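K.L.:
Structure supplied as final-v9.cif; contents: mmCIF, C-alpha atoms.
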data_data
#
loop_
_atom_site.group_PDB
_atom_site.id
_atom_site.type_symbol
_atom_site.label_atom_id
_atom_site.label_comp_id
_atom_site.auth_asym_id
_atom_site.auth_seq_id
_atom_site.Cartn_x
_atom_site.Cartn_y
_atom_site.Cartn_z
ATOM 1 C CA MET A 1 11.797 -75.480 -36.923
ATOM 2 C CA ARG A 2 13.499 -72.096 -37.063
ATOM 3 C CA ALA A 3 12.488 -68.602 -38.229
ATOM 4 C CA PHE A 4 14.767 -65.675 -38.998
ATOM 5 C CA LEU A 5 13.440 -62.266 -37.938
ATOM 6 C CA PHE A 6 14.416 -58.805 -39.177
ATOM 7 C CA PRO A 7 13.887 -55.663 -37.071
ATOM 8 C CA GLY A 8 12.081 -52.456 -37.968
ATOM 9 C CA GLN A 9 12.526 -48.755 -37.325
ATOM 10 C CA GLY A 10 13.867 -47.864 -33.911
ATOM 11 C CA SER A 11 16.703 -50.406 -34.155
ATOM 12 C CA GLN A 12 19.090 -47.801 -35.590
ATOM 13 C CA ALA A 13 21.910 -46.388 -33.448
ATOM 14 C CA VAL A 14 25.060 -44.448 -34.201
ATOM 15 C CA GLY A 15 27.923 -46.942 -34.444
ATOM 16 C CA MET A 16 25.749 -49.694 -35.940
ATOM 17 C CA GLY A 17 27.740 -52.070 -38.115
ATOM 18 C CA ALA A 18 31.115 -50.422 -37.399
ATOM 19 C CA ALA A 19 32.669 -53.299 -35.439
ATOM 20 C CA LEU A 20 31.112 -55.837 -37.801
ATOM 21 C CA ALA A 21 32.611 -54.068 -40.835
ATOM 22 C CA GLY A 22 35.985 -54.044 -39.080
ATOM 23 C CA ALA A 23 35.793 -57.789 -38.515
ATOM 24 C CA SER A 24 34.257 -58.939 -41.811
ATOM 25 C CA ARG A 25 35.132 -58.072 -45.402
ATOM 26 C CA THR A 26 31.773 -59.523 -46.463
ATOM 27 C CA ALA A 27 29.925 -57.114 -44.152
ATOM 28 C CA ARG A 28 31.955 -54.195 -45.551
ATOM 29 C CA ASP A 29 30.952 -55.269 -49.053
ATOM 30 C CA VAL A 30 27.260 -55.070 -48.070
ATOM 31 C CA PHE A 31 27.666 -51.522 -46.750
ATOM 32 C CA ASP A 32 29.667 -50.511 -49.860
ATOM 33 C CA GLU A 33 27.011 -51.922 -52.197
ATOM 34 C CA VAL A 34 24.210 -50.066 -50.368
ATOM 35 C CA ASP A 35 26.209 -46.806 -50.489
ATOM 36 C CA GLN A 36 26.736 -47.265 -54.223
ATOM 37 C CA ALA A 37 23.060 -48.079 -54.861
ATOM 38 C CA LEU A 38 21.879 -44.988 -52.976
ATOM 39 C CA GLY A 39 24.619 -42.624 -54.139
ATOM 40 C CA GLN A 40 25.258 -41.557 -50.546
ATOM 41 C CA ASN A 41 27.690 -42.485 -47.793
ATOM 42 C CA LEU A 42 25.067 -44.149 -45.622
ATOM 43 C CA PHE A 43 27.596 -46.330 -43.809
ATOM 44 C CA ARG A 44 29.532 -43.284 -42.634
ATOM 45 C CA LEU A 45 26.251 -41.931 -41.228
ATOM 46 C CA MET A 46 25.591 -45.277 -39.526
ATOM 47 C CA ARG A 47 29.077 -45.351 -38.075
ATOM 48 C CA ASP A 48 29.579 -41.703 -37.095
ATOM 49 C CA GLY A 49 26.164 -40.017 -37.028
ATOM 50 C CA PRO A 50 24.872 -37.430 -36.367
ATOM 51 C CA GLU A 51 22.022 -39.287 -34.683
ATOM 52 C CA ASP A 52 19.275 -36.895 -35.802
ATOM 53 C CA GLU A 53 20.243 -37.508 -39.442
ATOM 54 C CA LEU A 54 20.409 -41.283 -38.986
ATOM 55 C CA LYS A 55 16.946 -41.229 -37.368
ATOM 56 C CA LEU A 56 15.403 -39.653 -40.487
ATOM 57 C CA THR A 57 13.077 -42.272 -41.937
ATOM 58 C CA GLU A 58 14.714 -42.223 -45.367
ATOM 59 C CA ASN A 59 18.099 -43.041 -43.774
ATOM 60 C CA ALA A 60 17.019 -45.293 -40.906
ATOM 61 C CA GLN A 61 15.107 -47.729 -43.126
ATOM 62 C CA PRO A 62 17.926 -48.656 -45.550
ATOM 63 C CA ALA A 63 20.475 -48.513 -42.690
ATOM 64 C CA ILE A 64 18.606 -51.087 -40.579
ATOM 65 C CA MET A 65 18.177 -53.344 -43.620
ATOM 66 C CA ALA A 66 21.872 -53.043 -44.551
ATOM 67 C CA HIS A 67 22.885 -53.957 -41.007
ATOM 68 C CA SER A 68 20.657 -57.059 -40.941
ATOM 69 C CA ILE A 69 21.898 -58.278 -44.327
ATOM 70 C CA ALA A 70 25.530 -57.597 -43.342
ATOM 71 C CA VAL A 71 25.055 -59.811 -40.271
ATOM 72 C CA LEU A 72 23.502 -62.562 -42.391
ATOM 73 C CA ARG A 73 26.203 -62.464 -45.069
ATOM 74 C CA ALA A 74 29.042 -62.249 -42.547
ATOM 75 C CA TRP A 75 27.688 -65.516 -41.167
ATOM 76 C CA GLY A 76 28.043 -67.017 -44.649
ATOM 77 C CA ILE A 77 25.181 -69.535 -44.511
ATOM 78 C CA GLN A 78 22.549 -70.373 -47.114
ATOM 79 C CA LEU A 79 19.183 -69.381 -45.659
ATOM 80 C CA PRO A 80 17.216 -72.514 -46.688
ATOM 81 C CA ASP A 81 19.846 -74.642 -44.909
ATOM 82 C CA VAL A 82 19.142 -73.090 -41.511
ATOM 83 C CA ALA A 83 15.654 -71.497 -41.592
ATOM 84 C CA ASP A 84 12.100 -72.581 -42.370
ATOM 85 C CA PHE A 85 10.499 -69.124 -42.420
ATOM 86 C CA VAL A 86 11.416 -65.447 -42.461
ATOM 87 C CA ALA A 87 9.508 -62.453 -41.083
ATOM 88 C CA GLY A 88 10.287 -58.788 -40.620
ATOM 89 C CA HIS A 89 8.697 -55.988 -38.622
ATOM 90 C CA SER A 90 7.490 -53.245 -40.992
ATOM 91 C CA LEU A 91 10.580 -52.237 -43.034
ATOM 92 C CA GLY A 92 12.114 -55.512 -41.804
ATOM 93 C CA GLU A 93 9.822 -57.287 -44.241
ATOM 94 C CA TYR A 94 12.018 -55.892 -47.038
ATOM 95 C CA SER A 95 15.138 -57.140 -45.224
ATOM 96 C CA ALA A 96 13.521 -60.578 -44.921
ATOM 97 C CA LEU A 97 12.678 -60.641 -48.619
ATOM 98 C CA CYS A 98 16.219 -59.569 -49.519
ATOM 99 C CA ALA A 99 17.600 -62.345 -47.304
ATOM 100 C CA ALA A 100 15.264 -64.867 -48.967
ATOM 101 C CA GLY A 101 16.258 -63.757 -52.473
ATOM 102 C CA SER A 102 13.079 -61.959 -53.583
ATOM 103 C CA PHE A 103 14.990 -58.678 -54.041
ATOM 104 C CA ASP A 104 18.669 -58.052 -54.649
ATOM 105 C CA LEU A 105 20.469 -55.817 -52.170
ATOM 106 C CA ALA A 106 20.641 -52.694 -54.360
ATOM 107 C CA THR A 107 16.921 -52.885 -55.190
ATOM 108 C CA THR A 108 16.024 -53.344 -51.515
ATOM 109 C CA ALA A 109 18.070 -50.300 -50.514
ATOM 110 C CA LYS A 110 16.473 -48.123 -53.209
ATOM 111 C CA LEU A 111 12.952 -49.281 -52.324
ATOM 112 C CA LEU A 112 13.491 -48.515 -48.639
ATOM 113 C CA LYS A 113 14.992 -45.099 -49.368
ATOM 114 C CA LEU A 114 11.907 -44.293 -51.445
ATOM 115 C CA ARG A 115 9.584 -45.813 -48.835
ATOM 116 C CA GLY A 116 11.132 -43.645 -46.136
ATOM 117 C CA GLN A 117 10.849 -40.502 -48.264
ATOM 118 C CA ALA A 118 7.250 -41.279 -49.264
ATOM 119 C CA MET A 119 6.159 -42.020 -45.682
ATOM 120 C CA GLN A 120 7.740 -38.796 -44.450
ATOM 121 C CA ALA A 121 6.144 -36.755 -47.240
ATOM 122 C CA ALA A 122 2.655 -38.245 -46.770
ATOM 123 C CA VAL A 123 1.829 -36.151 -43.682
ATOM 124 C CA PRO A 124 3.299 -32.710 -42.849
ATOM 125 C CA VAL A 125 5.555 -32.789 -39.777
ATOM 126 C CA GLY A 126 3.551 -32.110 -36.620
ATOM 127 C CA GLN A 127 0.178 -33.220 -38.013
ATOM 128 C CA GLY A 128 0.583 -36.899 -37.192
ATOM 129 C CA ALA A 129 1.826 -38.905 -34.200
ATOM 130 C CA MET A 130 2.179 -42.406 -32.771
ATOM 131 C CA ALA A 131 1.920 -43.721 -29.223
ATOM 132 C CA ALA A 132 2.667 -47.024 -27.520
ATOM 133 C CA LEU A 133 -0.067 -48.374 -25.274
ATOM 134 C CA LEU A 134 1.625 -50.475 -22.596
ATOM 135 C CA GLY A 135 -0.302 -53.084 -20.668
ATOM 136 C CA ALA A 136 -2.937 -53.105 -23.401
ATOM 137 C CA ASP A 137 -3.952 -55.884 -25.765
ATOM 138 C CA LEU A 138 -5.347 -55.433 -29.273
ATOM 139 C CA ALA A 139 -9.018 -55.316 -28.230
ATOM 140 C CA LEU A 140 -8.383 -52.608 -25.605
ATOM 141 C CA ALA A 141 -6.173 -50.619 -27.990
ATOM 142 C CA GLN A 142 -8.928 -50.647 -30.616
ATOM 143 C CA LYS A 143 -11.460 -49.351 -28.051
ATOM 144 C CA ILE A 144 -9.087 -46.554 -26.997
ATOM 145 C CA ALA A 145 -8.422 -45.616 -30.643
ATOM 146 C CA GLU A 146 -12.150 -45.528 -31.453
ATOM 147 C CA ALA A 147 -12.913 -43.367 -28.416
ATOM 148 C CA ALA A 148 -10.098 -40.937 -29.215
ATOM 149 C CA ALA A 149 -10.729 -40.552 -32.957
ATOM 150 C CA GLN A 150 -13.625 -38.043 -32.804
ATOM 151 C CA GLY A 151 -13.691 -37.661 -36.574
ATOM 152 C CA GLU A 152 -9.919 -37.872 -36.999
ATOM 153 C CA VAL A 153 -7.734 -40.877 -37.848
ATOM 154 C CA CYS A 154 -6.685 -42.975 -34.860
ATOM 155 C CA ALA A 155 -5.846 -46.589 -35.691
ATOM 156 C CA VAL A 156 -3.860 -49.533 -34.405
ATOM 157 C CA ALA A 157 -0.535 -49.538 -36.268
ATOM 158 C CA ASN A 158 1.433 -52.353 -34.616
ATOM 159 C CA ASP A 159 0.029 -55.260 -32.627
ATOM 160 C CA ASN A 160 3.464 -56.050 -31.204
ATOM 161 C CA ASP A 161 2.830 -58.454 -28.327
ATOM 162 C CA PRO A 162 0.171 -59.156 -25.670
ATOM 163 C CA THR A 163 1.291 -56.150 -23.596
ATOM 164 C CA GLN A 164 2.246 -53.558 -26.226
ATOM 165 C CA VAL A 165 0.169 -52.096 -29.036
ATOM 166 C CA VAL A 166 1.076 -48.967 -31.032
ATOM 167 C CA ILE A 167 -1.549 -46.523 -32.325
ATOM 168 C CA SER A 168 -1.120 -44.002 -35.132
ATOM 169 C CA GLY A 169 -3.025 -41.079 -36.631
ATOM 170 C CA HIS A 170 -3.716 -37.359 -36.350
ATOM 171 C CA LYS A 171 -1.762 -35.640 -33.569
ATOM 172 C CA GLY A 172 -4.929 -34.445 -31.807
ATOM 173 C CA ALA A 173 -6.435 -37.930 -31.780
ATOM 174 C CA ILE A 174 -3.238 -39.513 -30.465
ATOM 175 C CA ASP A 175 -3.040 -36.872 -27.715
ATOM 176 C CA ARG A 176 -6.629 -37.700 -26.720
ATOM 177 C CA ALA A 177 -5.813 -41.421 -26.699
ATOM 178 C CA ILE A 178 -2.869 -40.831 -24.365
ATOM 179 C CA GLU A 179 -5.152 -38.858 -22.008
ATOM 180 C CA ILE A 180 -7.847 -41.547 -21.795
ATOM 181 C CA ALA A 181 -5.685 -44.702 -22.067
ATOM 182 C CA LYS A 182 -5.103 -45.207 -18.352
ATOM 183 C CA GLU A 183 -8.701 -44.694 -17.298
ATOM 184 C CA MET A 184 -9.771 -47.166 -20.020
ATOM 185 C CA GLY A 185 -7.461 -49.851 -18.603
ATOM 186 C CA ALA A 186 -4.006 -49.447 -20.170
ATOM 187 C CA LYS A 187 -1.020 -49.374 -17.835
ATOM 188 C CA ARG A 188 0.320 -46.262 -19.548
ATOM 189 C CA ALA A 189 0.621 -44.546 -22.920
ATOM 190 C CA VAL A 190 3.845 -43.130 -24.329
ATOM 191 C CA LEU A 191 4.199 -40.729 -27.259
ATOM 192 C CA LEU A 192 6.792 -42.156 -29.665
ATOM 193 C CA PRO A 193 9.637 -40.054 -31.112
ATOM 194 C CA VAL A 194 8.687 -40.617 -34.753
ATOM 195 C CA SER A 195 8.425 -38.128 -37.577
ATOM 196 C CA ALA A 196 5.248 -39.488 -39.208
ATOM 197 C CA PRO A 197 2.155 -41.596 -38.359
ATOM 198 C CA PHE A 198 3.107 -44.938 -39.910
ATOM 199 C CA HIS A 199 0.745 -47.854 -40.664
ATOM 200 C CA CYS A 200 -2.513 -45.915 -40.701
ATOM 201 C CA PRO A 201 -4.803 -44.532 -43.452
ATOM 202 C CA LEU A 202 -2.901 -41.202 -43.466
ATOM 203 C CA MET A 203 -0.087 -43.092 -45.240
ATOM 204 C CA GLN A 204 -2.205 -43.652 -48.385
ATOM 205 C CA PRO A 205 -0.010 -41.337 -50.551
ATOM 206 C CA ALA A 206 3.022 -43.408 -49.534
ATOM 207 C CA ALA A 207 1.160 -46.635 -50.366
ATOM 208 C CA GLU A 208 0.479 -45.275 -53.847
ATOM 209 C CA ALA A 209 4.148 -44.331 -54.272
ATOM 210 C CA MET A 210 5.206 -47.851 -53.264
ATOM 211 C CA ALA A 211 2.637 -49.439 -55.589
ATOM 212 C CA ASP A 212 4.176 -47.457 -58.439
ATOM 213 C CA ALA A 213 7.773 -48.307 -57.457
ATOM 214 C CA LEU A 214 7.065 -52.009 -56.876
ATOM 215 C CA GLY A 215 5.415 -52.164 -60.282
ATOM 216 C CA TYR A 216 8.810 -51.538 -61.891
ATOM 217 C CA VAL A 217 10.883 -54.120 -59.997
ATOM 218 C CA ILE A 218 11.145 -57.884 -60.254
ATOM 219 C CA VAL A 219 9.850 -59.678 -57.162
ATOM 220 C CA GLY A 220 11.216 -63.196 -57.035
ATOM 221 C CA ALA A 221 9.681 -66.080 -55.126
ATOM 222 C CA PRO A 222 11.435 -66.222 -51.724
ATOM 223 C CA ALA A 223 13.610 -69.265 -51.086
ATOM 224 C CA ILE A 224 11.604 -69.857 -47.903
ATOM 225 C CA PRO A 225 8.106 -68.547 -47.015
ATOM 226 C CA LEU A 226 7.642 -65.055 -45.589
ATOM 227 C CA TYR A 227 5.125 -64.495 -42.795
ATOM 228 C CA ALA A 228 3.546 -61.243 -44.000
ATOM 229 C CA ASN A 229 2.753 -58.317 -41.686
ATOM 230 C CA VAL A 230 -0.721 -57.690 -43.101
ATOM 231 C CA THR A 231 -1.991 -61.291 -42.982
ATOM 232 C CA ALA A 232 0.200 -63.018 -40.345
ATOM 233 C CA GLN A 233 0.290 -65.924 -42.817
ATOM 234 C CA PRO A 234 3.062 -67.385 -44.999
ATOM 235 C CA ALA A 235 3.423 -66.125 -48.563
ATOM 236 C CA THR A 236 5.596 -67.235 -51.482
ATOM 237 C CA ASP A 237 3.754 -65.946 -54.564
ATOM 238 C CA PRO A 238 5.558 -62.865 -55.981
ATOM 239 C CA ASP A 239 2.367 -60.986 -56.951
ATOM 240 C CA THR A 240 0.841 -61.625 -53.533
ATOM 241 C CA ILE A 241 4.006 -60.364 -51.842
ATOM 242 C CA ARG A 242 4.056 -57.248 -54.038
ATOM 243 C CA ASN A 243 0.447 -56.432 -53.101
ATOM 244 C CA GLN A 244 1.077 -57.104 -49.408
ATOM 245 C CA LEU A 245 4.031 -54.694 -49.379
ATOM 246 C CA VAL A 246 1.691 -51.969 -50.654
ATOM 247 C CA GLU A 247 -1.055 -52.843 -48.137
ATOM 248 C CA GLN A 248 1.537 -52.865 -45.347
ATOM 249 C CA VAL A 249 2.153 -49.088 -45.656
ATOM 250 C CA THR A 250 -1.340 -48.248 -44.368
ATOM 251 C CA GLY A 251 -2.125 -51.580 -42.683
ATOM 252 C CA MET A 252 -1.549 -52.922 -39.201
ATOM 253 C CA VAL A 253 1.648 -54.859 -38.484
ATOM 254 C CA ARG A 254 0.230 -58.116 -37.106
ATOM 255 C CA TRP A 255 3.411 -59.143 -35.319
ATOM 256 C CA ARG A 256 1.835 -60.896 -32.319
ATOM 257 C CA GLU A 257 -0.269 -63.080 -34.607
ATOM 258 C CA SER A 258 2.676 -63.738 -36.947
ATOM 259 C CA VAL A 259 4.850 -65.084 -34.128
ATOM 260 C CA ALA A 260 1.941 -67.062 -32.639
ATOM 261 C CA ASN A 261 1.156 -68.577 -36.047
ATOM 262 C CA MET A 262 4.811 -69.488 -36.653
ATOM 263 C CA THR A 263 4.852 -71.156 -33.238
ATOM 264 C CA SER A 264 1.680 -73.080 -34.112
ATOM 265 C CA ALA A 265 3.346 -74.147 -37.377
ATOM 266 C CA GLY A 266 6.154 -75.727 -35.359
ATOM 267 C CA VAL A 267 8.762 -72.962 -34.993
ATOM 268 C CA GLU A 268 10.600 -73.324 -31.694
ATOM 269 C CA ASP A 269 13.726 -71.301 -32.489
ATOM 270 C CA PHE A 270 13.673 -67.595 -33.467
ATOM 271 C CA VAL A 271 16.826 -65.763 -34.592
ATOM 272 C CA GLU A 272 16.763 -61.949 -34.848
ATOM 273 C CA LEU A 273 19.387 -60.574 -37.233
ATOM 274 C CA GLY A 274 20.738 -57.058 -36.692
ATOM 275 C CA GLY A 275 18.737 -55.987 -33.648
ATOM 276 C CA LYS A 276 17.455 -56.875 -30.183
ATOM 277 C CA VAL A 277 13.952 -55.370 -30.105
ATOM 278 C CA LEU A 278 12.010 -58.277 -31.606
ATOM 279 C CA ALA A 279 13.506 -60.853 -29.245
ATOM 280 C CA GLY A 280 11.712 -59.345 -26.251
ATOM 281 C CA MET A 281 8.410 -59.287 -28.140
ATOM 282 C CA VAL A 282 8.796 -62.933 -29.149
ATOM 283 C CA LYS A 283 9.408 -64.013 -25.540
ATOM 284 C CA ARG A 284 6.214 -62.248 -24.454
ATOM 285 C CA ILE A 285 4.249 -63.966 -27.246
ATOM 286 C CA ALA A 286 5.850 -67.405 -27.052
ATOM 287 C CA PRO A 287 7.519 -67.765 -23.621
ATOM 288 C CA ASP A 288 8.755 -71.291 -24.335
ATOM 289 C CA ALA A 289 10.476 -70.404 -27.620
ATOM 290 C CA LYS A 290 14.225 -70.143 -27.937
ATOM 291 C CA VAL A 291 15.184 -66.621 -29.012
ATOM 292 C CA THR A 292 18.626 -65.394 -30.112
ATOM 293 C CA SER A 293 19.680 -61.863 -31.124
ATOM 294 C CA VAL A 294 22.620 -61.717 -33.532
ATOM 295 C CA VAL A 295 24.334 -58.329 -33.897
ATOM 296 C CA THR A 296 28.113 -58.702 -33.422
ATOM 297 C CA ILE A 297 30.751 -60.945 -34.973
ATOM 298 C CA GLU A 298 30.917 -62.717 -31.585
ATOM 299 C CA ASP A 299 27.161 -63.398 -31.788
ATOM 300 C CA ILE A 300 27.633 -64.804 -35.301
ATOM 301 C CA GLU A 301 30.491 -67.076 -34.207
ATOM 302 C CA ALA A 302 28.517 -68.379 -31.217
ATOM 303 C CA LEU A 303 25.457 -69.145 -33.338
ATOM 304 C CA ALA A 304 27.565 -70.737 -36.096
ATOM 305 C CA LYS A 305 28.924 -73.242 -33.579
ATOM 306 C CA GLU A 306 25.423 -74.037 -32.393
ATOM 307 C CA ILE A 307 23.771 -74.420 -35.796
ATOM 308 C CA ALA A 308 26.696 -75.866 -37.792
#
Mind turning this structure into C-alpha cells?

P.N.:
Amino acid sequence: MRAFLFPGQGSQAVGMGAALAGASRTARDVFDEVDQALGQNLFRLMRDGPEDELKLTENAQPAIMAHSIAVLRAWGIQLPDVADFVAGHSLGEYSALCAAGSFDLATTAKLLKLRGQAMQAAVPVGQGAMAALLGADLALAQKIAEAAAQGEVCAVANDNDPTQVVISGHKGAIDRAIEIAKEMGAKRAVLLPVSAPFHCPLMQPAAEAMADALGYVIVGAPAIPLYANVTAQPATDPDTIRNQLVEQVTGMVRWRESVANMTSAGVEDFVELGGKVLAGMVKRIAPDAKVTSVVTIEDIEALAKEIA
C-alpha cells in the first residue's frame, strides 16, 4: 500500500517551482490558477523572492500547497490509481484534500491565504513563540511544557517523530522551556524562526475564522481517505473533515501517530510531493518503509517509471 504526503510550513524556499514550471505546462497552469484565485503574483514571489516576504505565513501556506499540487499534476496520474491514503502536515492537510478532490485548487489557495492571515493576526508579533525539542518524545515534551507554563500557554504543537517534538505558546513560557529542556532530559531545544505560535490554544481566533470560512465552501468526500492531523485516523466524511480542519488550528499535529497508524494499516511506500522534510520524519518513525521525495521533473520521471 502507498500513501502520498504533503509538506507543511518551512518547506518554502526562493526558487521553488521555477524549474518545474519551465519543464511542465501543466505545472505553470497550477501556478497561474493560484495567482488568479489570490489576485497576486504569488509565483513570482516563489520564483524570485524576497525570502522574507515568501516566509510570511499568508504567502508561505498557499505557495507550499501550489508547489505540491503542481508536482502532482505535472506527473499526470489519477490519485486513486497510485495511492491508498493521503496525509499532510498542518497546512499540508489542505494540499492533501485538494489532491484528493475535496477542494478545488482556487478554493484551497483562498482558504490557505485566509488561514495564514488569521494565524498571524491571532497573536501580536513577539508575544508567542515555538521551539523544537530534539531528542525528546511526546511524554517528555509534555512534562517540559507543563513545567514551563507557569500560568501561561505552553503546549505540544507537533508530535513529529520519536526524536522531535515542537512546543508552542507564550514567548515567556517557551523561553523557560528552552532553559529547562536539557536538564529534564531533552538533547537540546531550538527556538524556531516562526512569526506566530501555531497549533496551541492561542490560535483560537484563527480557528473561529476558519470555522466561518469553511462554513461557506463545499467540502467533497476525498477520493481516497485522509489521515487527519488531529486524530491520526482516516477520514472520508465531509462534515468530519470540515470540523477537523477547524480543530487542527489549535490542536496538536499527530504526525508520528499518523505515520505509525498508516504503517499498521499496511502502507509500506510513502511519497512526499513538493518537499523533503517529511521523508526524514517518516524514516525515523517507520525505518523499514520506502520513502521517496518528489520535487523536480527528474524526480517525477523517475517515479513514473517505477509506478507505471

K.L.:
May I ask which of the residues A:Asp237, A:Ile224, A:Lys113, A:Ala260 is the closest one to Val82 of chain A, counting only C-alpha atoms?

P.N.:
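Residue with the minimum atom-to-atom distance to Val82 of chain A: A:Ile224.
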
K.L.:
Check which residues satisfy the PyMOL selection byres ((chain A and resi 41-46) around 12) in the file shown, then give them as a short mmCIF file (atom, residue, chain, number, x, y, z; two decimals) with C-alpha atoms, in the coordinates of the input.

P.N.:
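File produced: out20.cif:
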data_model
loop_
_atom_site.label_atom_id
_atom_site.label_comp_id
_atom_site.auth_asym_id
_atom_site.auth_seq_id
_atom_site.Cartn_x
_atom_site.Cartn_y
_atom_site.Cartn_z
CA SER A 11 16.70 -50.41 -34.16
CA GLN A 12 19.09 -47.80 -35.59
CA ALA A 13 21.91 -46.39 -33.45
CA VAL A 14 25.06 -44.45 -34.20
CA GLY A 15 27.92 -46.94 -34.44
CA MET A 16 25.75 -49.69 -35.94
CA GLY A 17 27.74 -52.07 -38.12
CA ALA A 18 31.12 -50.42 -37.40
CA ALA A 19 32.67 -53.30 -35.44
CA LEU A 20 31.11 -55.84 -37.80
CA ALA A 21 32.61 -54.07 -40.84
CA ALA A 27 29.92 -57.11 -44.15
CA ARG A 28 31.96 -54.20 -45.55
CA ASP A 29 30.95 -55.27 -49.05
CA VAL A 30 27.26 -55.07 -48.07
CA PHE A 31 27.67 -51.52 -46.75
CA ASP A 32 29.67 -50.51 -49.86
CA GLU A 33 27.01 -51.92 -52.20
CA VAL A 34 24.21 -50.07 -50.37
CA ASP A 35 26.21 -46.81 -50.49
CA GLN A 36 26.74 -47.26 -54.22
CA ALA A 37 23.06 -48.08 -54.86
CA LEU A 38 21.88 -44.99 -52.98
CA GLY A 39 24.62 -42.62 -54.14
CA GLN A 40 25.26 -41.56 -50.55
CA ARG A 47 29.08 -45.35 -38.08
CA ASP A 48 29.58 -41.70 -37.10
CA GLY A 49 26.16 -40.02 -37.03
CA PRO A 50 24.87 -37.43 -36.37
CA GLU A 51 22.02 -39.29 -34.68
CA ASP A 52 19.27 -36.90 -35.80
CA GLU A 53 20.24 -37.51 -39.44
CA LEU A 54 20.41 -41.28 -38.99
CA LYS A 55 16.95 -41.23 -37.37
CA LEU A 56 15.40 -39.65 -40.49
CA GLU A 58 14.71 -42.22 -45.37
CA ASN A 59 18.10 -43.04 -43.77
CA ALA A 60 17.02 -45.29 -40.91
CA GLN A 61 15.11 -47.73 -43.13
CA PRO A 62 17.93 -48.66 -45.55
CA ALA A 63 20.48 -48.51 -42.69
CA ILE A 64 18.61 -51.09 -40.58
CA MET A 65 18.18 -53.34 -43.62
CA ALA A 66 21.87 -53.04 -44.55
CA HIS A 67 22.88 -53.96 -41.01
CA ALA A 70 25.53 -57.60 -43.34
CA ALA A 109 18.07 -50.30 -50.51
CA LYS A 113 14.99 -45.10 -49.37
#

K.L.:
Would you work out the distance separating atom CA of Gly169 of chain A from atom CA of Ala206 of chain A, expressed in Å to one decimal?

P.N.:
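Distance reported for this atom pair: 14.4 Å.
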
K.L.:
Which is closest to Glu183 of chain A among A:Ala136, A:His89, A:Gly251, A:Glu306, if we use all atoms listed in the file?

P.N.:
A:Ala136

K.L.:
Write out as a list in words the residues lying within 9 Å of Arg73 of chain A, counting all atoms listed in the file and excluding same-chain residues fewer than 4 positions away.

P.N.:
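Everything that qualifies: Thr26, Ala27, Val30, Ser68, Ile69, Ile77, Gln78 and Ala99 of chain A.
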
K.L.:
Show which residues sit within 9 Å of Pro205 of chain A, as an NGL selection string. Count all atoms listed in the file, and ignore same-chain residues fewer than 6 positions away.

P.N.:
:A and (118-119 or 121-123)

K.L.:
Emit the selected residues as a CSV table (one decimal), in the coordinates of the input, including C-alpha atoms.

P.N.:
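Heads up, here's the output in result-v6.csv:
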chain,number,residue,atom,x,y,z
A,118,ALA,CA,7.2,-41.3,-49.3
A,119,MET,CA,6.2,-42.0,-45.7
A,121,ALA,CA,6.1,-36.8,-47.2
A,122,ALA,CA,2.7,-38.2,-46.8
A,123,VAL,CA,1.8,-36.2,-43.7

K.L.:
Kindly indicate which residue among A:Glu146, A:Glu208, A:Asp84, A:Asp104 lies nearest to Val271 of chain A, using only C-alpha atoms for the distances.

P.N.:
A:Asp84

K.L.:
Pick out the residues sitting within 10 Å of Ala235 of chain A, and hand them over as a list of chain:residue names; count only C-alpha atoms, and ignore anything fewer than 3 positions along from it in its own chain.

P.N.:
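Near Ala235 of chain A, the qualifying residues are A:Phe85, A:Ala221, A:Pro222, A:Ile224, A:Pro225, A:Leu226, A:Tyr227, A:Ala228, A:Thr231, A:Ala232, A:Pro238, A:Asp239, A:Thr240, A:Ile241, A:Gln244.
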
K.L.:
Can I get the selected residues back with C-alpha atoms, as a compact mmCIF listing (two decimals), keeping the file's coordinate frame?

P.N.:
# COMPACT_ATOMS: atom_id res chain seq x y z
CA PHE A 85 10.50 -69.12 -42.42
CA ALA A 221 9.68 -66.08 -55.13
CA PRO A 222 11.44 -66.22 -51.72
CA ILE A 224 11.60 -69.86 -47.90
CA PRO A 225 8.11 -68.55 -47.02
CA LEU A 226 7.64 -65.06 -45.59
CA TYR A 227 5.12 -64.50 -42.80
CA ALA A 228 3.55 -61.24 -44.00
CA THR A 231 -1.99 -61.29 -42.98
CA ALA A 232 0.20 -63.02 -40.34
CA PRO A 238 5.56 -62.86 -55.98
CA ASP A 239 2.37 -60.99 -56.95
CA THR A 240 0.84 -61.62 -53.53
CA ILE A 241 4.01 -60.36 -51.84
CA GLN A 244 1.08 -57.10 -49.41

K.L.:
Just the residues within 9 Å of Leu245 of chain A, please, counting only C-alpha atoms, with nothing from its chain fewer than 5 positions along; format it as a JSON list (two decimals) with C-alpha atoms, keeping the file's coordinate frame.

P.N.:
[["chain", "number", "residue", "atom", "x", "y", "z"],
["A", 93, "GLU", "CA", 9.82, -57.29, -44.24],
["A", 94, "TYR", "CA", 12.02, -55.89, -47.04],
["A", 207, "ALA", "CA", 1.16, -46.64, -50.37],
["A", 210, "MET", "CA", 5.21, -47.85, -53.26],
["A", 211, "ALA", "CA", 2.64, -49.44, -55.59],
["A", 214, "LEU", "CA", 7.06, -52.01, -56.88],
["A", 228, "ALA", "CA", 3.55, -61.24, -44.00],
["A", 229, "ASN", "CA", 2.75, -58.32, -41.69],
["A", 230, "VAL", "CA", -0.72, -57.69, -43.10],
["A", 240, "THR", "CA", 0.84, -61.62, -53.53]]

K.L.:
With the file shown as input, list the residues that the PyMOL selection byres ((chain A and resi 165) around 7) selects, as a list of chain:residue names.

P.N.:
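Evaluating the PyMOL selection byres ((chain A and resi 165) around 7) on this file yields A:Ala132, A:Leu133, A:Leu134, A:Ala136, A:Asp137, A:Leu138, A:Ala141, A:Asn158, A:Asp159, A:Asn160, A:Asp161, A:Thr163, A:Gln164, A:Val166, A:Ile167.
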
K.L.:
Extract, using all atoms listed in the file, all DNA, RNA and protein residues at most 8 Å from Val249 of chain A, discarding same-chain residues fewer than 5 positions from it, and format them as a PyMOL selection string.

P.N.:
chain A and resi 198-200+203-204+206-207

K.L.:
Export C-alpha atoms of the chosen residues as a compact mmCIF listing (two decimals), keeping the file's coordinate frame?

P.N.:
# COMPACT_ATOMS: atom_id res chain seq x y z
CA PHE A 198 3.11 -44.94 -39.91
CA HIS A 199 0.74 -47.85 -40.66
CA CYS A 200 -2.51 -45.92 -40.70
CA MET A 203 -0.09 -43.09 -45.24
CA GLN A 204 -2.20 -43.65 -48.38
CA ALA A 206 3.02 -43.41 -49.53
CA ALA A 207 1.16 -46.64 -50.37
